[in-house]
file final_38.pdb (PDB, C-alpha atoms)
ATOM      1  CA  MET A   1       0.000   0.000   0.000
ATOM      2  CA  TRP A   2       2.797   2.405   0.961
ATOM      3  CA  SER A   3       4.607   1.613  -2.280
ATOM      4  CA  ARG A   4       1.564   2.488  -4.341
ATOM      5  CA  LEU A   5       1.059   5.815  -2.560
ATOM      6  CA  ARG A   6       4.733   6.631  -2.938
ATOM      7  CA  LEU A   7       4.637   5.759  -6.619
ATOM      8  CA  ALA A   8       1.591   7.993  -7.113
ATOM      9  CA  ALA A   9       3.278  10.861  -5.270
ATOM     10  CA  ILE A  10       6.414  10.492  -7.365
ATOM     11  CA  SER A  11       4.378  10.408 -10.571
ATOM     12  CA  LEU A  12       2.478  13.546  -9.551
ATOM     13  CA  SER A  13       5.712  15.329  -8.735
ATOM     14  CA  LEU A  14       7.154  14.409 -12.104
ATOM     15  CA  ILE A  15       4.044  15.735 -13.836
ATOM     16  CA  MET A  16       4.252  19.021 -11.885
ATOM     17  CA  ILE A  17       7.939  19.368 -12.654
ATOM     18  CA  ALA A  18       7.308  18.651 -16.320
ATOM     19  CA  GLY A  19       4.508  21.235 -16.396
ATOM     20  CA  CYS A  20       6.658  23.853 -14.743
ATOM     21  CA  SER A  21       9.425  23.185 -17.221
ATOM     22  CA  ASP A  22       7.250  23.907 -20.264
ATOM     23  CA  PRO A  23       8.808  26.801 -22.196
ATOM     24  CA  LYS A  24       6.985  30.111 -21.929
ATOM     25  CA  ILE A  25       6.758  33.223 -24.055
ATOM     26  CA  ASP A  26       9.026  36.034 -22.936
ATOM     27  CA  THR A  27       8.043  39.490 -24.232
ATOM     28  CA  SER A  28      10.575  41.398 -22.156
ATOM     29  CA  SER A  29      12.505  42.280 -25.317
ATOM     30  CA  MET A  30      12.221  41.793 -29.036
ATOM     31  CA  PRO A  31      15.004  39.164 -29.289
ATOM     32  CA  ALA A  32      13.577  37.265 -26.324
ATOM     33  CA  SER A  33      10.117  37.344 -27.876
ATOM     34  CA  VAL A  34      11.273  35.966 -31.200
ATOM     35  CA  VAL A  35      13.329  33.192 -29.608
ATOM     36  CA  SER A  36      10.735  32.223 -27.003
ATOM     37  CA  VAL A  37       7.855  32.075 -29.497
ATOM     38  CA  GLU A  38       9.761  29.650 -31.697
ATOM     39  CA  LYS A  39      10.924  27.656 -28.668
ATOM     40  CA  VAL A  40       7.397  27.273 -27.335
ATOM     41  CA  ARG A  41       6.117  26.319 -30.780
ATOM     42  CA  ASP A  42       8.827  23.656 -31.229
ATOM     43  CA  SER A  43       7.955  22.137 -27.853
ATOM     44  CA  LEU A  44       4.405  21.369 -28.923
ATOM     45  CA  PRO A  45       3.273  18.216 -30.741
ATOM     46  CA  SER A  46       3.068  18.828 -34.481
ATOM     47  CA  TYR A  47      -0.744  18.572 -34.485
ATOM     48  CA  LYS A  48      -0.984  21.549 -32.091
ATOM     49  CA  ARG A  49       1.376  23.906 -33.885
ATOM     50  CA  ASP A  50      -1.133  25.319 -36.358
ATOM     51  CA  GLU A  51      -3.545  25.926 -33.507
ATOM     52  CA  PHE A  52      -0.741  27.599 -31.561
ATOM     53  CA  ASP A  53       0.110  29.834 -34.527
ATOM     54  CA  ARG A  54      -3.506  30.843 -34.850
ATOM     55  CA  GLY A  55      -3.764  31.442 -31.102
ATOM     56  CA  LEU A  56      -0.755  33.753 -31.118
ATOM     57  CA  ILE A  57      -2.250  35.849 -33.905
ATOM     58  CA  ILE A  58      -5.624  36.054 -32.169
ATOM     59  CA  ILE A  59      -4.067  37.219 -28.896
ATOM     60  CA  ALA A  60      -1.710  39.647 -30.625
ATOM     61  CA  THR A  61      -4.433  41.235 -32.724
ATOM     62  CA  ALA A  62      -7.369  41.044 -30.325
ATOM     63  CA  THR A  63      -7.006  44.676 -29.257
ATOM     64  CA  PHE A  64      -6.431  46.065 -32.747
ATOM     65  CA  ASP A  65      -9.390  47.583 -34.595
ATOM     66  CA  GLY A  66      -9.923  46.632 -38.199
ATOM     67  CA  ILE A  67      -8.400  43.136 -37.902
ATOM     68  CA  ASP A  68     -10.654  40.113 -38.270
ATOM     69  CA  ILE A  69      -9.471  37.780 -35.534
ATOM     70  CA  LEU A  70     -11.945  35.137 -36.646
ATOM     71  CA  ASN A  71     -10.036  34.761 -39.918
ATOM     72  CA  PRO A  72      -6.399  35.531 -39.058
ATOM     73  CA  GLN A  73      -3.589  35.298 -41.597
ATOM     74  CA  ARG A  74      -0.264  33.590 -40.985
ATOM     75  CA  MET A  75       2.368  35.869 -39.407
ATOM     76  CA  ASN A  76       6.058  35.216 -38.886
ATOM     77  CA  ALA A  77       7.685  35.219 -35.463
ATOM     78  CA  ALA A  78       9.004  38.762 -35.771
ATOM     79  CA  GLU A  79       5.561  40.150 -36.654
ATOM     80  CA  ILE A  80       3.971  38.271 -33.781
ATOM     81  CA  ALA A  81       6.649  39.452 -31.367
ATOM     82  CA  GLU A  82       6.185  43.046 -32.490
ATOM     83  CA  SER A  83       2.431  42.856 -31.824
ATOM     84  CA  ALA A  84       2.754  40.926 -28.578
ATOM     85  CA  ASN A  85       1.689  42.542 -25.315
ATOM     86  CA  ALA A  86       1.461  41.708 -21.653
ATOM     87  CA  GLN A  87      -1.292  39.178 -22.326
ATOM     88  CA  MET A  88       1.261  36.853 -23.930
ATOM     89  CA  HIS A  89       4.053  37.136 -21.428
ATOM     90  CA  GLY A  90       4.603  33.957 -19.434
ATOM     91  CA  LEU A  91       2.191  31.770 -21.399
ATOM     92  CA  THR A  92       2.938  28.191 -22.366
ATOM     93  CA  GLY A  93       1.813  26.772 -25.694
ATOM     94  CA  ASP A  94      -1.322  25.197 -24.249
ATOM     95  CA  GLN A  95      -2.141  28.390 -22.392
ATOM     96  CA  VAL A  96      -1.891  30.353 -25.627
ATOM     97  CA  ILE A  97      -4.349  27.981 -27.288
ATOM     98  CA  HIS A  98      -6.724  28.174 -24.325
ATOM     99  CA  ARG A  99      -6.609  31.978 -24.078
ATOM    100  CA  ALA A 100      -7.169  32.382 -27.812
ATOM    101  CA  ASP A 101     -10.200  30.130 -27.597
ATOM    102  CA  GLN A 102     -11.534  32.219 -24.731
ATOM    103  CA  ILE A 103     -11.019  35.446 -26.726
ATOM    104  CA  LEU A 104     -12.908  33.978 -29.681
ATOM    105  CA  ARG A 105     -15.810  32.872 -27.487
ATOM    106  CA  GLU A 106     -16.039  36.334 -25.937
ATOM    107  CA  ARG A 107     -15.842  38.015 -29.344
ATOM    108  CA  ARG A 108     -18.557  35.789 -30.793
ATOM    109  CA  SER A 109     -20.741  36.482 -27.771
ATOM    110  CA  ARG A 110     -20.331  40.255 -28.231
ATOM    111  CA  GLU A 111     -21.015  39.972 -31.945
ATOM    112  CA  ARG A 112     -24.139  37.935 -31.271
ATOM    113  CA  GLU A 113     -25.401  40.503 -28.763
ATOM    114  CA  GLN A 114     -24.716  43.322 -31.227
ATOM    115  CA  ALA A 115     -26.437  41.420 -34.045
ATOM    116  CA  ILE A 116     -29.523  40.828 -31.909
ATOM    117  CA  ARG A 117     -29.654  44.511 -30.937
ATOM    118  CA  THR A 118     -29.413  45.437 -34.620
ATOM    119  CA  LEU A 119     -32.117  42.916 -35.517
ATOM    120  CA  THR A 120     -34.450  44.340 -32.884
ATOM    121  CA  ARG A 121     -33.762  47.932 -33.974
ATOM    122  CA  LEU A 122     -34.431  47.165 -37.653
ATOM    123  CA  GLU A 123     -37.625  45.283 -36.858
ATOM    124  CA  GLU A 124     -38.847  48.186 -34.743
ATOM    125  CA  LYS A 125     -38.003  50.641 -37.532
ATOM    126  CA  GLN A 126     -39.848  48.469 -40.058
ATOM    127  CA  ALA A 127     -42.882  48.220 -37.767
ATOM    128  CA  ASP A 128     -42.923  52.003 -37.177
ATOM    129  CA  ALA A 129     -42.800  52.666 -40.930
ATOM    130  CA  ALA A 130     -45.615  50.180 -41.593
ATOM    131  CA  ARG A 131     -47.777  51.700 -38.858
ATOM    132  CA  ASP A 132     -47.251  55.244 -40.140
ATOM    133  CA  LYS A 133     -47.967  54.185 -43.719
ATOM    134  CA  GLN A 134     -51.304  52.756 -42.583
ATOM    135  CA  GLN A 135     -52.130  56.124 -41.048
ATOM    136  CA  LEU A 136     -51.128  58.024 -44.198
ATOM    137  CA  ASP A 137     -53.188  55.666 -46.352
ATOM    138  CA  ARG A 138     -56.277  56.882 -44.523
ATOM    139  CA  PHE A 139     -55.843  60.265 -46.213
ATOM    140  CA  THR A 140     -56.964  59.558 -49.780
ATOM    141  CA  ILE A 141     -56.574  61.241 -53.148
ATOM    142  CA  ASP A 142     -60.052  60.629 -54.585
ATOM    143  CA  GLN A 143     -59.617  62.400 -57.927
ATOM    144  CA  ALA A 144     -56.756  64.071 -59.781
ATOM    145  CA  ARG A 145     -56.876  65.804 -63.159
ATOM    146  CA  PHE A 146     -54.379  67.919 -65.089
ATOM    147  CA  TYR A 147     -55.127  70.256 -67.981
ATOM    148  CA  ILE A 148     -54.035  73.525 -69.526
ATOM    149  CA  GLY A 149     -56.545  76.287 -68.866
ATOM    150  CA  ALA A 150     -56.431  80.013 -69.420
ATOM    151  CA  SER A 151     -55.388  82.658 -66.934
ATOM    152  CA  PRO A 152     -57.531  85.779 -66.370
ATOM    153  CA  TYR A 153     -55.231  87.487 -68.849
ATOM    154  CA  GLY A 154     -55.761  84.843 -71.529
ATOM    155  CA  ALA A 155     -52.344  83.172 -71.189
ATOM    156  CA  PRO A 156     -52.165  79.339 -71.004
ATOM    157  CA  GLU A 157     -52.083  78.167 -67.399
ATOM    158  CA  PRO A 158     -51.610  74.634 -66.044
ATOM    159  CA  VAL A 159     -54.256  73.458 -63.591
ATOM    160  CA  ILE A 160     -54.366  70.550 -61.121
ATOM    161  CA  ASP A 161     -57.840  69.603 -59.927
ATOM    162  CA  LEU A 162     -57.801  67.561 -56.733
ATOM    163  CA  GLU A 163     -60.401  65.953 -54.515
ATOM    164  CA  VAL A 164     -59.173  64.555 -51.209
ATOM    165  CA  THR A 165     -60.665  63.031 -48.068
ATOM    166  CA  ASN A 166     -59.093  63.202 -44.632
ATOM    167  CA  GLY A 167     -59.802  59.791 -43.120
ATOM    168  CA  THR A 168     -57.330  60.295 -40.281
ATOM    169  CA  ASP A 169     -58.157  61.439 -36.770
ATOM    170  CA  GLN A 170     -56.002  64.579 -37.091
ATOM    171  CA  ALA A 171     -56.675  67.968 -38.652
ATOM    172  CA  ILE A 172     -54.289  68.539 -41.566
ATOM    173  CA  SER A 173     -52.695  71.864 -42.471
ATOM    174  CA  GLU A 174     -50.274  70.910 -45.248
ATOM    175  CA  LEU A 175     -49.819  68.153 -47.826
ATOM    176  CA  LEU A 176     -46.664  66.907 -49.529
ATOM    177  CA  LEU A 177     -47.696  65.458 -52.889
ATOM    178  CA  ARG A 178     -46.029  63.929 -55.896
ATOM    179  CA  GLY A 179     -47.496  64.498 -59.335
ATOM    180  CA  VAL A 180     -46.645  62.428 -62.391
ATOM    181  CA  VAL A 181     -48.055  63.339 -65.817
ATOM    182  CA  THR A 182     -47.875  60.624 -68.485
ATOM    183  CA  SER A 183     -49.317  59.960 -71.910
ATOM    184  CA  ALA A 184     -49.705  56.889 -74.112
ATOM    185  CA  GLY A 185     -46.695  55.981 -76.234
ATOM    186  CA  ARG A 186     -44.256  57.982 -74.093
ATOM    187  CA  SER A 187     -41.930  56.149 -71.690
ATOM    188  CA  VAL A 188     -40.672  59.294 -69.920
ATOM    189  CA  PRO A 189     -43.229  61.295 -67.863
ATOM    190  CA  TRP A 190     -43.908  64.855 -68.942
ATOM    191  CA  VAL A 191     -43.830  65.842 -65.294
ATOM    192  CA  ASP A 192     -42.531  64.073 -62.198
ATOM    193  CA  GLU A 193     -42.351  66.509 -59.296
ATOM    194  CA  SER A 194     -43.074  66.737 -55.586
ATOM    195  CA  PHE A 195     -44.902  69.803 -54.320
ATOM    196  CA  TYR A 196     -46.468  71.197 -51.163
ATOM    197  CA  TYR A 197     -49.964  72.506 -50.699
ATOM    198  CA  VAL A 198     -50.903  74.499 -47.607
ATOM    199  CA  VAL A 199     -54.604  74.007 -46.939
ATOM    200  CA  PRO A 200     -56.331  77.324 -46.095
ATOM    201  CA  GLY A 201     -58.048  76.729 -42.760
ATOM    202  CA  GLY A 202     -56.900  73.101 -42.739
ATOM    203  CA  ILE A 203     -58.942  69.980 -43.425
ATOM    204  CA  GLU A 204     -60.694  68.305 -40.517
ATOM    205  CA  PRO A 205     -61.092  64.536 -39.886
ATOM    206  CA  ASP A 206     -63.671  62.919 -42.229
ATOM    207  CA  GLU A 207     -63.805  66.090 -44.332
ATOM    208  CA  THR A 208     -63.634  66.037 -48.162
ATOM    209  CA  MET A 209     -62.305  69.011 -50.138
ATOM    210  CA  LYS A 210     -61.832  69.953 -53.781
ATOM    211  CA  TRP A 211     -59.146  72.313 -55.035
ATOM    212  CA  SER A 212     -57.932  73.742 -58.325
ATOM    213  CA  LEU A 213     -54.205  74.357 -57.980
ATOM    214  CA  ALA A 214     -52.049  76.447 -60.291
ATOM    215  CA  PRO A 215     -48.519  75.024 -60.579
ATOM    216  CA  ASN A 216     -45.709  77.137 -62.000
ATOM    217  CA  ARG A 217     -46.416  77.574 -65.714
ATOM    218  CA  PHE A 218     -42.753  78.367 -66.352
ATOM    219  CA  GLY A 219     -41.722  74.900 -65.154
ATOM    220  CA  PRO A 220     -42.438  71.436 -66.589
ATOM    221  CA  TRP A 221     -46.143  71.796 -65.757
ATOM    222  CA  GLY A 222     -46.378  74.550 -68.368
ATOM    223  CA  ASP A 223     -44.901  72.507 -71.217
ATOM    224  CA  ALA A 224     -47.068  73.336 -74.244
ATOM    225  CA  GLN A 225     -46.341  69.925 -75.766
ATOM    226  CA  ILE A 226     -48.250  68.028 -73.086
ATOM    227  CA  PRO A 227     -51.248  66.533 -74.874
ATOM    228  CA  SER A 228     -54.785  67.046 -73.618
ATOM    229  CA  SER A 229     -55.069  63.255 -73.221
ATOM    230  CA  ALA A 230     -52.255  63.173 -70.662
ATOM    231  CA  GLU A 231     -53.099  61.583 -67.316
ATOM    232  CA  LEU A 232     -52.131  62.772 -63.863
ATOM    233  CA  MET A 233     -51.279  60.449 -60.972
ATOM    234  CA  VAL A 234     -50.984  62.146 -57.580
ATOM    235  CA  THR A 235     -49.628  60.303 -54.544
ATOM    236  CA  LEU A 236     -49.415  61.447 -50.950
ATOM    237  CA  GLU A 237     -45.891  61.633 -49.534
ATOM    238  CA  GLY A 238     -46.465  63.429 -46.243
ATOM    239  CA  LEU A 239     -48.802  65.397 -44.003
ATOM    240  CA  ARG A 240     -48.447  68.151 -41.422
ATOM    241  CA  GLY A 241     -50.795  68.792 -38.540
ATOM    242  CA  VAL A 242     -52.212  72.087 -37.322
ATOM    243  CA  ASP A 243     -49.097  72.608 -35.188
ATOM    244  CA  ASP A 244     -47.014  72.400 -38.389
ATOM    245  CA  LYS A 245     -45.372  69.173 -37.246
ATOM    246  CA  ALA A 246     -44.886  66.280 -39.659
ATOM    247  CA  LEU A 247     -47.296  63.402 -39.050
ATOM    248  CA  TRP A 248     -46.597  59.686 -39.493
ATOM    249  CA  ASN A 249     -43.235  60.173 -41.173
ATOM    250  CA  ALA A 250     -41.264  57.203 -39.817
ATOM    251  CA  PRO A 251     -38.757  56.314 -42.578
ATOM    252  CA  GLU A 252     -38.834  52.947 -44.297
ATOM    253  CA  LEU A 253     -35.831  50.624 -44.300
ATOM    254  CA  SER A 254     -33.194  51.375 -46.895
ATOM    255  CA  GLU A 255     -32.347  48.655 -49.389
ATOM    256  CA  SER A 256     -29.201  47.727 -47.470
ATOM    257  CA  GLU A 257     -31.104  47.682 -44.155
ATOM    258  CA  ALA A 258     -33.767  45.398 -45.639
ATOM    259  CA  VAL A 259     -31.102  42.977 -46.867
ATOM    260  CA  ARG A 260     -29.382  43.028 -43.489
ATOM    261  CA  LEU A 261     -32.651  42.450 -41.650
ATOM    262  CA  GLU A 262     -33.452  39.429 -43.797
ATOM    263  CA  ARG A 263     -29.998  37.959 -43.185
ATOM    264  CA  LEU A 264     -30.264  38.502 -39.418
ATOM    265  CA  ARG A 265     -33.722  36.950 -39.326
ATOM    266  CA  GLU A 266     -32.398  33.846 -41.050
ATOM    267  CA  GLU A 267     -29.439  33.616 -38.685
ATOM    268  CA  TYR A 268     -31.446  34.234 -35.506
ATOM    269  CA  ALA A 269     -34.733  32.634 -36.549
ATOM    270  CA  GLY A 270     -35.100  30.867 -33.184
ATOM    271  CA  VAL A 271     -34.543  34.010 -31.105
ATOM    272  CA  THR A 272     -37.797  35.774 -30.228
ATOM    273  CA  LEU A 273     -38.233  39.372 -29.135
ATOM    274  CA  SER A 274     -38.965  38.249 -25.569
ATOM    275  CA  ASN A 275     -35.550  36.620 -25.072
ATOM    276  CA  ARG A 276     -33.347  39.011 -27.028
ATOM    277  CA  GLU A 277     -32.628  41.295 -24.113
TER     278      GLU A 277
END

call {"tool": "encode", "arguments": {"input": "final_38.pdb", "output": "C-alpha cells"}}
result
Amino acid sequence: MWSRLRLAAISLSLIMIAGCSDPKIDTSSMPASVVSVEKVRDSLPSYKRDEFDRGLIIIATATFDGIDILNPQRMNAAEIAESANAQMHGLTGDQVIHRADQILRERRSREREQAIRTLTRLEEKQADAARDKQQLDRFTIDQARFYIGASPYGAPEPVIDLEVTNGTDQAISELLLRGVVTSAGRSVPWVDESFYYVVPGGIEPDETMKWSLAPNRFGPWGDAQIPSSAELMVTLEGLRGVDDKALWNAPELSESEAVRLERLREEYAGVTLSNRE
C-alpha cells in the first residue's frame, strides 16, 4: 500500500515538474520574444502547432481595430513578437491555445449581442414605418386631373384639380404630394415633381375638399407639348398637422437595411423578441 502511494506521489511530482518546465513566451525584449515564441512552438506536438500559430495571432491582434481575428492570416515570429503585449508574457503553448479560444468565445458572444440589438432595432423601424404608412393611407386622393386652362389674362395656365378626403383622426394643415403626368406611347413622364400645398383653414377629420391648384407655368407643368389626353397620378408623400409638425413620417428601411434584416432573421430565426434582451 505504501509503495503504491509513494509511486503515485512520485508520478504527480514528475508531472508538476514537467509542467513547470514547459517553455513560456518572454516578451521582455524583441530578441527574447522571437526566440521564445519559436521555442514554445517547437515544444508542442506537431498537431498543435497550427492551432498555436492561430492562437498567437488572435491574442496579438485582439485589441487592434480593423483586424478580423476570426479569420487571421499567418504571421512570422518577428511580426507576432512586435504585436505581442502583456497578455502573452509567461504563457505556455497550451495556455496560448486556451486563451485564444476564450477570446474567440467572448468576441462571438459580443457579436451575437450586437447582431440581436441590430435585428431588434431594424424590426422596430420596419414596424414604425408600416404603422405610419397605414395612417397616411387613410388620407386619400379621390380624384386628380391635369389640364391647360387660361389665366384671367388669356395666357395658357396649367391646372391641377384635386379631390381629397381626410380619413385620419387629425386635422391637416399641409400636404406633400407627388405628381406624375404621363401619356400613351411615351416612356418618360412629362412631369414628375413633388410639391407642397398648404390648406387654407386646414382639413378636418372625415372632411372632403376639392381644389384647383395652379402650378408654375414656367416649369415642366407649363410645357405646351403636353397633350390634352395626358393623365395625372398624384400620390401622398407626407402630411403636417395644425401645429405644423410632420405626421406619421417614420422612414422605411433602406435597401441595405432590408437585406441586413433578412440575413439577421435567417441567422437568428429561433430568437424571439422576448428573449433578445

call {"tool": "resolve_selection", "arguments": {"input": "final_38.pdb", "expression": "the PyMOL selection byres ((chain A and resi 196-204) around 8)", "output": "list in words"}}
result
Asn166, Gln170, Ala171, Ile172, Ser173, Glu174, Leu175, Leu176, Leu177, Ser194, Phe195, Pro205, Asp206, Glu207, Thr208, Met209 and Val242 of chain A

call {"tool": "closest_residue", "arguments": {"input": "final_38.pdb", "among": "A:Leu264, A:Gly154, A:Asp132, A:Glu38", "to": "Thr120 in chain A", "atoms": "all atoms listed in the file"}}
result
A:Leu264

call {"tool": "resolve_selection", "arguments": {"input": "final_38.pdb", "expression": "the PyMOL selection byres ((chain A and resi 137-149) around 6)", "output": "VMD selection string"}}
result
chain A and resid 134 to 136 150 156 to 168 232

call {"tool": "residues_around", "arguments": {"input": "final_38.pdb", "residues": "Ile97 in chain A", "least_positions_apart": "2", "cutoff": "9 Å", "atoms": "all atoms listed in the file", "output": "ChimeraX atom specification"}}
result
/A:48,51-56,92-95,99-102

call {"tool": "atom_distance", "arguments": {"input": "final_38.pdb", "atom1": "CA of Thr27 in chain A", "atom2": "CA of Arg105 in chain A"}}
result
25.0 Å

call {"tool": "atom_distance", "arguments": {"input": "final_38.pdb", "atom1": "CA of Leu213 in chain A", "atom2": "CA of Val191 in chain A"}}
result
15.3 Å

call {"tool": "atom_distance", "arguments": {"input": "final_38.pdb", "atom1": "CA of Asp223 in chain A", "atom2": "CA of Trp190 in chain A"}}
result
8.0 Å

call {"tool": "axis_aligned_box", "arguments": {"input": "final_38.pdb", "around": "range 134-152 of chain A", "padding_each_side": "5 Å", "output": "JSON"}}
result
{"center_x": -55.6, "center_y": 69.3, "center_z": -55.3, "size_x": 18.9, "size_y": 43.0, "size_z": 38.5}

call {"tool": "closest_residue", "arguments": {"input": "final_38.pdb", "among": "A:Val234, A:Val37, A:Ile103, A:Val180", "to": "Pro220 in chain A", "atoms": "all atoms listed in the file"}}
result
A:Val180

call {"tool": "closest_residue", "arguments": {"input": "final_38.pdb", "among": "A:Phe218, A:Ser29, A:Ser254, A:Pro45", "to": "Ala155 in chain A", "atoms": "all atoms listed in the file"}}
result
A:Phe218

call {"tool": "closest_residue", "arguments": {"input": "final_38.pdb", "among": "A:Leu239, A:Ala258, A:Val96, A:Met233", "to": "Pro23 in chain A", "atoms": "all atoms listed in the file"}}
result
A:Val96
